[in-house]
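my_file21.tsv (TSV, C-alpha atoms) appears below.
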chain	number	residue	atom	x	y	z
A	1	MET	CA	0.00	0.00	0.00
A	2	GLU	CA	1.30	3.47	-0.83
A	3	LYS	CA	2.35	5.46	2.26
A	4	LYS	CA	0.31	8.64	2.80
A	5	LYS	CA	2.48	11.68	2.12
A	6	ARG	CA	2.94	13.78	5.23
A	7	LYS	CA	2.10	17.48	5.28
A	8	PRO	CA	4.88	19.95	6.19
A	9	LEU	CA	5.00	20.49	9.95
A	10	HIS	CA	4.83	24.29	9.71
A	11	GLU	CA	1.35	23.90	8.18
A	12	LEU	CA	0.14	22.42	11.46
A	13	TYR	CA	-0.38	25.97	12.74
A	14	GLU	CA	-2.92	26.83	10.01
A	15	SER	CA	-4.59	23.48	10.54
A	16	MET	CA	-4.89	24.10	14.30
A	17	LYS	CA	-6.16	27.65	13.71
A	18	GLU	CA	-8.97	26.21	11.60
A	19	LEU	CA	-9.74	23.58	14.25
A	20	ARG	CA	-9.93	26.23	16.99
A	21	LYS	CA	-12.63	28.04	15.00
A	22	ARG	CA	-14.88	24.97	15.07
A	23	PRO	CA	-18.13	25.90	16.85
A	24	PRO	CA	-19.31	23.79	19.78
A	25	ASN	CA	-21.36	20.73	18.94
A	26	PRO	CA	-24.98	22.05	18.55
A	27	ALA	CA	-26.54	18.90	20.02
A	28	ALA	CA	-24.48	19.36	23.21
A	29	VAL	CA	-25.46	23.04	23.36
A	30	ASP	CA	-29.17	22.12	23.03
A	31	LYS	CA	-28.85	19.48	25.72
A	32	PHE	CA	-27.09	21.94	28.04
A	33	ASN	CA	-29.72	24.65	27.46
A	34	ASP	CA	-32.49	22.14	28.09
A	35	LEU	CA	-30.89	21.09	31.38
A	36	MET	CA	-30.55	24.70	32.50
A	37	ARG	CA	-34.19	25.40	31.54
A	38	LYS	CA	-35.36	22.46	33.64
A	39	ASP	CA	-33.18	23.62	36.57
A	40	GLU	CA	-34.78	27.04	36.33
A	41	GLN	CA	-38.32	25.57	36.21
A	42	LEU	CA	-37.62	23.38	39.24
A	43	GLU	CA	-36.12	26.29	41.17
A	44	LYS	CA	-39.20	28.42	40.37
A	45	ALA	CA	-41.51	25.61	41.44
A	46	GLU	CA	-39.55	25.14	44.67
A	47	LYS	CA	-39.68	28.88	45.32
A	48	ALA	CA	-43.43	29.00	44.63
A	49	LYS	CA	-43.95	26.03	46.94
A	50	GLY	CA	-41.83	27.78	49.57
A	51	ASP	CA	-43.85	30.98	49.18
A	52	SER	CA	-47.18	29.19	49.55
A	53	GLU	CA	-45.81	27.32	52.62
A	54	ARG	CA	-44.68	30.65	54.07
A	55	LYS	CA	-48.11	32.19	53.39
A	56	LYS	CA	-49.80	29.17	54.96
A	57	ILE	CA	-47.64	29.49	58.05
A	58	ALA	CA	-48.26	33.24	58.21
A	59	ARG	CA	-52.04	32.55	58.17
A	60	ASP	CA	-51.78	29.97	60.99
A	61	PRO	CA	-52.85	31.67	64.25
A	62	GLU	CA	-50.94	29.01	66.25
A	63	VAL	CA	-47.61	30.08	64.70
A	64	GLY	CA	-45.86	33.00	66.29
A	65	ALA	CA	-48.42	33.23	69.11
B	1	MET	CA	28.80	17.21	26.73
B	2	GLY	CA	26.09	18.02	24.27
B	3	ARG	CA	25.59	21.34	22.53
B	4	VAL	CA	22.87	23.91	22.06
B	5	ILE	CA	22.52	24.67	18.35
B	6	PRO	CA	20.78	27.94	17.43
B	7	PHE	CA	18.15	27.69	14.67
B	8	SER	CA	20.30	29.91	12.44
B	9	GLN	CA	23.16	27.35	12.47
B	10	PHE	CA	21.00	24.27	11.99
B	11	ASP	CA	21.66	23.80	8.26
B	12	LYS	CA	25.41	23.78	8.80
B	13	TYR	CA	25.01	21.46	11.81
B	14	LEU	CA	22.78	19.01	9.94
B	15	LYS	CA	25.14	18.90	6.97
B	16	ALA	CA	28.03	17.94	9.26
B	17	LYS	CA	25.96	15.45	11.27
B	18	SER	CA	24.48	13.69	8.26
B	19	ALA	CA	27.98	13.08	6.93
B	20	GLU	CA	28.82	11.01	10.03
B	21	ALA	CA	28.73	7.24	9.51
B	22	ASP	CA	26.36	6.52	12.39
B	23	TYR	CA	23.94	9.37	11.68
B	24	CYS	CA	20.30	8.33	12.16
B	25	PRO	CA	17.79	10.68	10.50
B	26	GLY	CA	15.11	11.87	12.91
B	27	THR	CA	14.52	14.00	15.95
B	28	ILE	CA	12.41	14.21	19.08
B	29	LEU	CA	10.25	17.31	19.44
B	30	ASP	CA	9.78	18.77	22.89
B	31	THR	CA	6.26	19.76	24.01
B	32	ASN	CA	6.97	23.48	24.10
B	33	VAL	CA	8.15	23.54	20.49
B	34	LEU	CA	4.84	22.01	19.39
B	35	ILE	CA	2.88	24.46	21.53
B	36	SER	CA	4.91	27.44	20.26
B	37	LEU	CA	4.33	26.25	16.70
B	38	THR	CA	0.55	25.98	17.08
B	39	TYR	CA	-0.24	28.87	19.42
B	40	GLU	CA	0.48	32.38	18.12
B	41	VAL	CA	0.46	33.93	21.60
B	42	LYS	CA	3.75	32.23	22.49
B	43	LYS	CA	6.71	34.59	22.16
B	44	ASP	CA	8.75	32.02	20.19
B	45	HIS	CA	5.89	31.35	17.74
B	46	ASP	CA	7.19	33.31	14.74
B	47	GLU	CA	10.75	32.04	15.19
B	48	VAL	CA	9.55	28.44	15.44
B	49	VAL	CA	7.25	28.66	12.38
B	50	LYS	CA	10.04	30.26	10.35
B	51	PHE	CA	12.43	27.52	11.42
B	52	PHE	CA	10.13	24.69	10.38
B	53	VAL	CA	9.49	26.42	7.05
B	54	SER	CA	13.24	26.65	6.51
B	55	ILE	CA	13.93	22.97	7.26
B	56	ALA	CA	10.88	21.50	5.48
B	57	GLY	CA	13.06	20.40	2.55
B	58	HIS	CA	15.17	18.10	4.75
B	59	GLU	CA	12.15	15.85	5.41
B	60	ILE	CA	13.43	14.98	8.88
B	61	PRO	CA	11.29	12.32	10.58
B	62	TYR	CA	9.72	13.92	13.66
B	63	PHE	CA	8.91	11.97	16.79
B	64	SER	CA	7.14	12.74	20.04
B	65	THR	CA	7.19	10.77	23.25
B	66	VAL	CA	4.03	9.83	25.12
B	67	THR	CA	4.89	12.62	27.60
B	68	THR	CA	5.19	15.20	24.83
B	69	ARG	CA	1.94	14.18	23.26
B	70	SER	CA	-0.02	14.23	26.51
B	71	GLU	CA	1.42	17.63	27.54
B	72	TYR	CA	0.65	19.07	24.11
B	73	LEU	CA	-2.93	17.77	24.11
B	74	ASP	CA	-3.35	18.90	27.69
B	75	PHE	CA	-2.38	22.48	26.87
B	76	HIS	CA	-4.83	22.54	23.98
B	77	ARG	CA	-7.55	20.99	26.20
B	78	ARG	CA	-7.21	23.93	28.61
B	79	LEU	CA	-7.07	26.41	25.72
B	80	ARG	CA	-10.20	24.95	24.10
B	81	LEU	CA	-12.12	25.01	27.40
B	82	THR	CA	-10.95	28.57	28.10
B	83	GLU	CA	-12.05	29.82	24.68
B	84	THR	CA	-15.38	27.96	24.88
B	85	LEU	CA	-16.18	29.27	28.37
B	86	LEU	CA	-15.19	32.86	27.58
B	87	ASP	CA	-17.20	32.77	24.33
B	88	ALA	CA	-20.16	31.41	26.31
B	89	THR	CA	-20.32	34.63	28.36
B	90	GLU	CA	-20.49	36.82	25.23
B	91	PRO	CA	-23.85	38.26	24.13
B	92	GLY	CA	-25.32	36.13	21.36
B	93	SER	CA	-23.64	32.94	22.55
B	94	PRO	CA	-25.73	29.81	21.94
B	95	TRP	CA	-24.98	28.61	25.51
B	96	LYS	CA	-27.61	29.82	28.01
B	97	LEU	CA	-25.53	30.05	31.16
B	98	THR	CA	-26.93	30.35	34.66
B	99	SER	CA	-26.05	33.60	36.42
B	100	ARG	CA	-23.86	31.59	38.84
B	101	ALA	CA	-21.78	30.01	36.05
B	102	HIS	CA	-21.58	33.33	34.18
B	103	ALA	CA	-20.34	35.11	37.33
B	104	GLU	CA	-17.73	32.42	38.06
B	105	ILE	CA	-16.29	32.58	34.53
B	106	LYS	CA	-16.13	36.38	34.70
B	107	THR	CA	-14.37	36.23	38.09
B	108	LYS	CA	-11.80	33.82	36.71
B	109	GLN	CA	-11.38	35.96	33.61
B	110	GLY	CA	-10.57	38.92	35.87
B	111	LEU	CA	-7.99	36.86	37.76
B	112	LEU	CA	-6.52	35.66	34.46
B	113	ARG	CA	-6.12	39.27	33.28
B	114	ALA	CA	-4.47	40.19	36.57
B	115	ARG	CA	-2.02	37.27	36.20
B	116	ILE	CA	-1.09	38.43	32.71
B	117	THR	CA	-0.59	42.01	33.92
B	118	ARG	CA	1.64	40.75	36.75
B	119	LYS	CA	3.57	38.43	34.46
B	120	PRO	CA	3.49	39.64	30.85
B	121	GLY	CA	3.88	36.79	28.38
B	122	SER	CA	1.77	34.39	30.47
B	123	ASP	CA	-0.73	32.35	28.49
B	124	PRO	CA	-4.30	33.69	28.53
B	125	VAL	CA	-5.47	30.21	29.43
B	126	PHE	CA	-7.32	29.02	32.54
B	127	THR	CA	-5.35	26.81	34.92
B	128	ASP	CA	-6.81	23.50	36.05
B	129	THR	CA	-7.60	25.12	39.41
B	130	ASP	CA	-9.65	27.79	37.59
B	131	LEU	CA	-11.42	25.08	35.60
B	132	LYS	CA	-12.24	23.09	38.75
B	133	ASP	CA	-13.91	26.16	40.31
B	134	ILE	CA	-15.84	26.84	37.11
B	135	LYS	CA	-16.89	23.19	36.93
B	136	LYS	CA	-18.42	23.53	40.44
B	137	ALA	CA	-20.48	26.51	39.24
B	138	PHE	CA	-21.89	24.30	36.46
B	139	SER	CA	-22.72	21.43	38.77
B	140	ALA	CA	-25.39	20.46	41.26
B	141	GLY	CA	-28.36	22.14	39.57
B	142	PRO	CA	-31.62	20.64	40.99
B	143	PHE	CA	-32.35	18.82	37.72
B	144	SER	CA	-29.02	18.85	35.83
B	145	GLY	CA	-26.76	17.68	38.67
B	146	HIS	CA	-23.37	16.87	37.17
B	147	HIS	CA	-24.69	16.79	33.59
B	148	GLY	CA	-24.30	20.54	32.98
B	149	TRP	CA	-20.52	20.43	32.96
B	150	LEU	CA	-20.50	17.18	30.99
B	151	SER	CA	-22.56	18.89	28.26
B	152	ILE	CA	-20.01	21.73	28.13
B	153	CYS	CA	-17.23	19.15	27.68
B	154	ASP	CA	-19.26	17.31	25.05
B	155	GLY	CA	-19.77	20.57	23.14
B	156	ALA	CA	-16.16	21.69	23.36
B	157	LEU	CA	-14.00	18.60	23.44
B	158	ALA	CA	-15.84	15.62	21.95
B	159	ASP	CA	-13.76	14.38	18.97
B	160	TRP	CA	-11.70	17.54	19.25
B	161	LEU	CA	-8.70	16.06	21.02
B	162	LYS	CA	-8.78	13.13	18.61
B	163	ASP	CA	-8.79	15.54	15.64
B	164	MET	CA	-5.83	17.36	17.16
B	165	GLU	CA	-3.91	14.15	17.52
B	166	ASP	CA	-4.79	13.08	13.95
B	167	ARG	CA	-3.51	16.40	12.63
B	168	LEU	CA	-0.22	15.90	14.46
B	169	ILE	CA	0.18	12.55	12.71
B	170	ASP	CA	-0.89	13.99	9.31
B	171	HIS	CA	1.89	16.56	9.67
B	172	GLY	CA	4.54	13.93	10.19
B	173	VAL	CA	4.85	13.69	13.97
B	174	SER	CA	4.97	10.01	14.91
B	175	TYR	CA	4.80	8.53	18.35
B	176	ILE	CA	8.14	7.00	19.29
B	177	SER	CA	7.92	3.56	20.84
B	178	GLN	CA	10.38	0.83	21.63
B	179	HIS	CA	7.51	-1.65	21.41
B	180	GLU	CA	7.06	-0.88	17.71
B	181	GLU	CA	9.00	-3.46	15.72
B	182	SER	CA	9.67	-1.06	12.84
B	183	GLN	CA	11.24	1.44	15.25
B	184	LYS	CA	13.75	-0.95	16.84
B	185	PRO	CA	16.65	0.36	14.67
B	186	LEU	CA	16.03	3.86	16.06
B	187	PHE	CA	17.24	2.89	19.53
B	188	SER	CA	20.64	2.08	20.99
B	189	LYS	CA	19.44	1.41	24.55
B	190	LYS	CA	16.32	0.39	26.47
B	191	ILE	CA	14.32	3.31	27.86
B	192	ASP	CA	14.27	2.81	31.60
B	193	TRP	CA	12.78	4.82	34.43
B	194	PRO	CA	15.90	4.93	36.73
B	195	ASP	CA	17.84	6.62	33.90
B	196	ALA	CA	15.16	9.32	33.56
B	197	ARG	CA	15.25	9.86	37.31
B	198	GLN	CA	19.03	10.26	37.16
B	199	VAL	CA	18.69	12.91	34.44
B	200	SER	CA	16.51	14.89	36.84
B	201	GLU	CA	18.88	14.35	39.76
B	202	ARG	CA	21.78	15.70	37.73
B	203	SER	CA	20.43	19.18	36.90
B	204	GLY	CA	17.05	19.47	38.61
B	205	LEU	CA	15.25	19.11	35.28
B	206	GLY	CA	11.52	18.41	35.68
B	207	LEU	CA	10.68	14.73	35.42
B	208	SER	CA	8.56	15.13	32.28
B	209	ASP	CA	11.48	16.80	30.51
B	210	SER	CA	13.86	14.23	31.98
B	211	MET	CA	11.81	11.48	30.35
B	212	ILE	CA	12.02	13.30	27.00
B	213	LEU	CA	15.78	13.77	27.36
B	214	ASN	CA	16.20	10.16	28.42
B	215	ALA	CA	14.27	9.00	25.34
B	216	LEU	CA	16.67	11.07	23.21
B	217	LYS	CA	19.67	9.55	24.99
B	218	CYS	CA	18.34	6.03	24.34
B	219	SER	CA	17.63	6.79	20.68
B	220	ARG	CA	20.14	6.95	17.86
B	221	PHE	CA	19.05	10.50	17.00
B	222	SER	CA	21.64	13.24	17.35
B	223	PHE	CA	19.40	16.04	18.54
B	224	ALA	CA	16.06	17.18	19.92
B	225	ILE	CA	14.25	20.41	19.04
B	226	SER	CA	13.05	22.49	21.98
B	227	THR	CA	12.38	26.02	23.21
B	228	ASP	CA	12.89	25.05	26.85
B	229	PHE	CA	15.85	26.67	28.59
B	230	ASP	CA	16.02	23.88	31.20
B	231	LEU	CA	16.33	21.13	28.61
B	232	GLY	CA	19.27	22.95	26.98
B	233	TYR	CA	20.80	23.47	30.41
B	234	ALA	CA	20.54	19.74	31.19
B	235	ILE	CA	22.20	18.86	27.88
B	236	LEU	CA	25.05	21.28	28.50
B	237	ALA	CA	25.44	19.95	32.04
B	238	ASP	CA	25.59	16.33	30.86
B	239	ASP	CA	29.29	15.47	31.07
B	240	GLY	CA	30.06	12.86	28.45
B	241	GLY	CA	26.68	13.41	26.78
B	242	THR	CA	26.63	13.25	23.01
B	243	LYS	CA	23.14	14.58	22.28
B	244	ASP	CA	22.43	18.13	21.18
B	245	VAL	CA	19.39	20.36	21.28
B	246	VAL	CA	18.31	22.78	18.57
B	247	MET	CA	16.75	25.98	19.93
B	248	PRO	CA	15.67	29.48	18.90
B	249	ASP	CA	18.66	31.84	18.64
B	250	SER	CA	17.22	34.07	21.36
B	251	LYS	CA	17.11	31.11	23.76
B	252	ALA	CA	20.51	29.73	22.76
B	253	ALA	CA	22.11	33.09	23.58
B	254	GLU	CA	20.93	32.85	27.20
B	255	TYR	CA	23.50	30.15	28.07
B	256	ARG	CA	26.47	32.51	27.60
B	257	ALA	CA	26.13	33.74	31.16
B	258	TYR	CA	26.47	30.20	32.55
B	259	HIS	CA	30.04	29.63	31.36
B	260	PHE	CA	29.62	26.04	30.24
B	261	PRO	CA	32.86	24.82	28.60
B	262	LYS	CA	32.77	24.83	24.81
B	263	ALA	CA	32.12	21.34	23.38

Can the structure from this file be put into structure tokens for me?
Amino acid sequence: MEKKKRKPLHELYESMKELRKRPPNPAAVDKFNDLMRKDEQLEKAEKAKGDSERKKIARDPEVGA
Amino acid sequence: MGRVIPFSQFDKYLKAKSAEADYCPGTILDTNVLISLTYEVKKDHDEVVKFFVSIAGHEIPYFSTVTTRSEYLDFHRRLRLTETLLDATEPGSPWKLTSRAHAEIKTKQGLLRARITRKPGSDPVFTDTDLKDIKKAFSAGPFSGHHGWLSICDGALADWLKDMEDRLIDHGVSYISQHEESQKPLFSKKIDWPDARQVSERSGLGLSDSMILNALKCSRFSFAISTDFDLGYAILADDGGTKDVVMPDSKAAEYRAYHFPKA
């Protein structure tokens, strides 16, 4: 089999420059954004639950008496 | 003792070396020379690129040790993560960061700038300690848990390190190995750990560099190519050593003050 001809080493710089410009994998970005959205929804739900608990406690005449 | 050969005298040096009966074509590249070649921020970058352009016609076989390759990939791993994370804080970035992660990256960016101001010439690249702190800011979300940081790594690094390694091979840098049958003629001695340790004991050279220098000493190659002052120092300090190192002229000039005897 014919041996693949090597590229000159100084051209590695241009090759690396091109590689560094590669954008992040879109599927990974979507997955990340989805995870963060779910975190945010859960935090909001927890906060809302906390608020309603606090309101419930505030309405309880036994508490703080 | 070995010698430090400035880039500007390499042609003359190679001509003389290749006329010797036991000359073995090939060289070991040090990590820093590969990083300087591929990262324009390094102060030796232009000198190194120019050098490799000038010697392209010689078609010298280039080799890297496992240490060199892992250090090179490791630097580019940190660079890739740094660039991805900093880009992620820019307006219009596709990444939707939490305010905690955004704030942590910005804090580390501020510290990075301060480091560069304190020590001009430092790489604008996060350290592993910076990255560990940033990783924490991406972790332990109520739903995402540890998956947030893993998605960042998937987006930035998946297949990327492999592509980097493939490009190194495409550009003629082979991995040197005594286990490779076809490479047996390249060695005159078995590479052994106690010898690498002794190299370090002799001049205080870091153990990673000592392993690279030891690989050179066990090979039949005449020289390594490096931009590392300490590697040149260790070669000059090696009484009875026969291996040389080829370095940028600016670096080679630094040894004058150390009064090593002329080889």

Practice item. Would you kindly return, as an MDAnalysis selection string, each protein, DNA or RNA residue with an atom no farther than 9 Å from any atom of Met16 in chain A, considering all atoms listed in the file and excluding same-chain residues fewer than 6 positions away? Key: chainID B and resid 38:39 164 167

For those residues, write C-alpha atoms to a file as an mmCIF file, in the frame of the given file.
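Produced file part_13.cif, reproduced below:
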data_model
loop_
_atom_site.group_PDB
_atom_site.id
_atom_site.type_symbol
_atom_site.label_atom_id
_atom_site.label_comp_id
_atom_site.auth_asym_id
_atom_site.auth_seq_id
_atom_site.Cartn_x
_atom_site.Cartn_y
_atom_site.Cartn_z
ATOM 1 C CA THR B 38 0.550 25.980 17.080
ATOM 2 C CA TYR B 39 -0.240 28.870 19.420
ATOM 3 C CA MET B 164 -5.830 17.360 17.160
ATOM 4 C CA ARG B 167 -3.510 16.400 12.630
#

Which residues of chain B come within 7 Å of chain A, and what is each one's closest atom pair and distance in Å (one decimal), counting all atoms listed in the file, sorted by chain and residue number, as CSV?
residue,atom,partner,partner_atom,distance
B:Leu37,CA,A:Tyr13,CA,6.2
B:Thr38,CA,A:Tyr13,CA,4.4
B:Val49,CA,A:His10,CA,5.7
B:Phe52,CA,A:His10,CA,5.4
B:Val53,CA,A:His10,CA,5.8
B:Ala56,CA,A:Pro8,CA,6.2
B:Pro94,CA,A:Val29,CA,6.9
B:Trp95,CA,A:Val29,CA,6.0
B:Lys96,CA,A:Asn33,CA,5.6
B:Gly141,CA,A:Asp39,CA,5.9
B:Pro142,CA,A:Asp39,CA,5.6
B:Phe143,CA,A:Asp39,CA,5.0
B:Ser144,CA,A:Leu35,CA,5.3
B:Gly148,CA,A:Phe32,CA,5.8
B:Ser151,CA,A:Ala28,CA,5.4
B:Asp154,CA,A:Ala28,CA,5.9
B:Gly155,CA,A:Asn25,CA,4.5
B:Ala156,CA,A:Pro24,CA,5.2
B:Asp170,CA,A:Arg6,CA,5.6
B:His171,CA,A:Lys7,CA,4.5
B:Gly172,CA,A:Arg6,CA,5.2

Save out the residues we just selected, C-alpha atoms, as a CSV table (one decimal), keeping the file's coordinate frame.
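As a result, part_30.csv now contains:
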chain,number,residue,atom,x,y,z
B,37,LEU,CA,4.3,26.2,16.7
B,38,THR,CA,0.6,26.0,17.1
B,49,VAL,CA,7.2,28.7,12.4
B,52,PHE,CA,10.1,24.7,10.4
B,53,VAL,CA,9.5,26.4,7.0
B,56,ALA,CA,10.9,21.5,5.5
B,94,PRO,CA,-25.7,29.8,21.9
B,95,TRP,CA,-25.0,28.6,25.5
B,96,LYS,CA,-27.6,29.8,28.0
B,141,GLY,CA,-28.4,22.1,39.6
B,142,PRO,CA,-31.6,20.6,41.0
B,143,PHE,CA,-32.4,18.8,37.7
B,144,SER,CA,-29.0,18.8,35.8
B,148,GLY,CA,-24.3,20.5,33.0
B,151,SER,CA,-22.6,18.9,28.3
B,154,ASP,CA,-19.3,17.3,25.0
B,155,GLY,CA,-19.8,20.6,23.1
B,156,ALA,CA,-16.2,21.7,23.4
B,170,ASP,CA,-0.9,14.0,9.3
B,171,HIS,CA,1.9,16.6,9.7
B,172,GLY,CA,4.5,13.9,10.2

Point to revise | Shell around Ser222 in chain B at 12 Å using all atoms listed in the file, local window under 6 positions removed, as number ranges by chain | key: B: 2-5, 13-14, 16-18, 20, 22-28, 60, 186-188, 213, 215-216, 235, 241-246

Export of prior selection with C-alpha atoms as a PDB file, keeping the file's coordinate frame:
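File part-v4.pdb, as written:
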ATOM      1  CA  GLY B   2      26.090  18.020  24.270  1.00  0.00           C
ATOM      2  CA  ARG B   3      25.590  21.340  22.530  1.00  0.00           C
ATOM      3  CA  VAL B   4      22.870  23.910  22.060  1.00  0.00           C
ATOM      4  CA  ILE B   5      22.520  24.670  18.350  1.00  0.00           C
ATOM      5  CA  TYR B  13      25.010  21.460  11.810  1.00  0.00           C
ATOM      6  CA  LEU B  14      22.780  19.010   9.940  1.00  0.00           C
ATOM      7  CA  ALA B  16      28.030  17.940   9.260  1.00  0.00           C
ATOM      8  CA  LYS B  17      25.960  15.450  11.270  1.00  0.00           C
ATOM      9  CA  SER B  18      24.480  13.690   8.260  1.00  0.00           C
ATOM     10  CA  GLU B  20      28.820  11.010  10.030  1.00  0.00           C
ATOM     11  CA  ASP B  22      26.360   6.520  12.390  1.00  0.00           C
ATOM     12  CA  TYR B  23      23.940   9.370  11.680  1.00  0.00           C
ATOM     13  CA  CYS B  24      20.300   8.330  12.160  1.00  0.00           C
ATOM     14  CA  PRO B  25      17.790  10.680  10.500  1.00  0.00           C
ATOM     15  CA  GLY B  26      15.110  11.870  12.910  1.00  0.00           C
ATOM     16  CA  THR B  27      14.520  14.000  15.950  1.00  0.00           C
ATOM     17  CA  ILE B  28      12.410  14.210  19.080  1.00  0.00           C
ATOM     18  CA  ILE B  60      13.430  14.980   8.880  1.00  0.00           C
ATOM     19  CA  LEU B 186      16.030   3.860  16.060  1.00  0.00           C
ATOM     20  CA  PHE B 187      17.240   2.890  19.530  1.00  0.00           C
ATOM     21  CA  SER B 188      20.640   2.080  20.990  1.00  0.00           C
ATOM     22  CA  LEU B 213      15.780  13.770  27.360  1.00  0.00           C
ATOM     23  CA  ALA B 215      14.270   9.000  25.340  1.00  0.00           C
ATOM     24  CA  LEU B 216      16.670  11.070  23.210  1.00  0.00           C
ATOM     25  CA  ILE B 235      22.200  18.860  27.880  1.00  0.00           C
ATOM     26  CA  GLY B 241      26.680  13.410  26.780  1.00  0.00           C
ATOM     27  CA  THR B 242      26.630  13.250  23.010  1.00  0.00           C
ATOM     28  CA  LYS B 243      23.140  14.580  22.280  1.00  0.00           C
ATOM     29  CA  ASP B 244      22.430  18.130  21.180  1.00  0.00           C
ATOM     30  CA  VAL B 245      19.390  20.360  21.280  1.00  0.00           C
ATOM     31  CA  VAL B 246      18.310  22.780  18.570  1.00  0.00           C
TER      32      VAL B 246
END

Review point. At most 9 Å from (2.5, 33.9, 26.5), file frame, all atoms listed in the file: which residues, as number ranges by chain?
Key: B: 40-43, 116, 120-124

Preceding selection exported with C-alpha atoms as a PDB file, keeping the file's coordinate frame:
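Output (again33.pdb):
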ATOM      1  CA  GLU B  40       0.480  32.380  18.120  1.00  0.00           C
ATOM      2  CA  VAL B  41       0.460  33.930  21.600  1.00  0.00           C
ATOM      3  CA  LYS B  42       3.750  32.230  22.490  1.00  0.00           C
ATOM      4  CA  LYS B  43       6.710  34.590  22.160  1.00  0.00           C
ATOM      5  CA  ILE B 116      -1.090  38.430  32.710  1.00  0.00           C
ATOM      6  CA  PRO B 120       3.490  39.640  30.850  1.00  0.00           C
ATOM      7  CA  GLY B 121       3.880  36.790  28.380  1.00  0.00           C
ATOM      8  CA  SER B 122       1.770  34.390  30.470  1.00  0.00           C
ATOM      9  CA  ASP B 123      -0.730  32.350  28.490  1.00  0.00           C
ATOM     10  CA  PRO B 124      -4.300  33.690  28.530  1.00  0.00           C
TER      11      PRO B 124
END

Check your understanding: CA of Pro61 in chain B and CA of Ser36 in chain B are how many Å apart?
Key ->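 Those two atoms sit 19.1 Å apart.
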
Point to revise | Surrounding residues of Lys106 in chain B excluding itself and chain neighbours under 5 positions, 9 Å, only C-alpha atoms, as a ChimeraX atom specification | key: /B:86,89,101,111

Practice item. Mind giving me the straight-line distance from CA of Val48 in chain B to CA of Ala253 in chain B in Å, one decimal? Key: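 Interatomic distance, CA of Val48 in chain B to CA of Ala253 in chain B: 15.7 Å.
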
Check your understanding: CA of Gln183 in chain B and CA of Lys217 in chain B, how far apart in Å?
Key ->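 Computing the Euclidean distance for CA of Lys217 in chain B and CA of Gln183 in chain B yields 15.2 Å.
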
Exercise for review: Please tell me which residues are no farther than 9 Å from (7.2, 17.3, 27.3) in the file, counting only C-alpha atoms, and write them as a PyMOL selection string.
Suggested key: chain B and resi 29-32+64-72+208-212

Using N, CA and C atoms, give me range 26-37 of chain A from the structure I just pasted, as a JSON list (two decimals), in the first residue's frame.
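Saved result, out_10.json, follows:
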[["chain", "number", "residue", "atom", "x", "y", "z"],
["A", 26, "PRO", "N", -23.64, 21.50, 18.27],
["A", 26, "PRO", "CA", -24.98, 22.05, 18.55],
["A", 26, "PRO", "C", -25.86, 21.14, 19.40],
["A", 27, "ALA", "N", -25.72, 19.83, 19.23],
["A", 27, "ALA", "CA", -26.54, 18.90, 20.02],
["A", 27, "ALA", "C", -26.20, 19.03, 21.51],
["A", 28, "ALA", "N", -24.90, 19.21, 21.80],
["A", 28, "ALA", "CA", -24.48, 19.36, 23.21],
["A", 28, "ALA", "C", -24.99, 20.69, 23.77],
["A", 29, "VAL", "N", -24.96, 21.73, 22.93],
["A", 29, "VAL", "CA", -25.46, 23.04, 23.36],
["A", 29, "VAL", "C", -26.95, 22.94, 23.69],
["A", 30, "ASP", "N", -27.72, 22.28, 22.80],
["A", 30, "ASP", "CA", -29.17, 22.12, 23.03],
["A", 30, "ASP", "C", -29.43, 21.35, 24.32],
["A", 31, "LYS", "N", -28.66, 20.30, 24.52],
["A", 31, "LYS", "CA", -28.85, 19.48, 25.72],
["A", 31, "LYS", "C", -28.56, 20.32, 26.97],
["A", 32, "PHE", "N", -27.47, 21.09, 26.91],
["A", 32, "PHE", "CA", -27.09, 21.94, 28.04],
["A", 32, "PHE", "C", -28.21, 22.95, 28.33],
["A", 33, "ASN", "N", -28.69, 23.62, 27.28],
["A", 33, "ASN", "CA", -29.72, 24.65, 27.46],
["A", 33, "ASN", "C", -31.01, 24.05, 28.03],
["A", 34, "ASP", "N", -31.30, 22.83, 27.59],
["A", 34, "ASP", "CA", -32.49, 22.14, 28.09],
["A", 34, "ASP", "C", -32.34, 21.84, 29.59],
["A", 35, "LEU", "N", -31.16, 21.38, 29.96],
["A", 35, "LEU", "CA", -30.89, 21.09, 31.38],
["A", 35, "LEU", "C", -31.04, 22.34, 32.24],
["A", 36, "MET", "N", -30.50, 23.45, 31.73],
["A", 36, "MET", "CA", -30.55, 24.70, 32.50],
["A", 36, "MET", "C", -32.00, 25.19, 32.62],
["A", 37, "ARG", "N", -32.78, 24.98, 31.52],
["A", 37, "ARG", "CA", -34.19, 25.40, 31.54],
["A", 37, "ARG", "C", -34.95, 24.59, 32.59]]
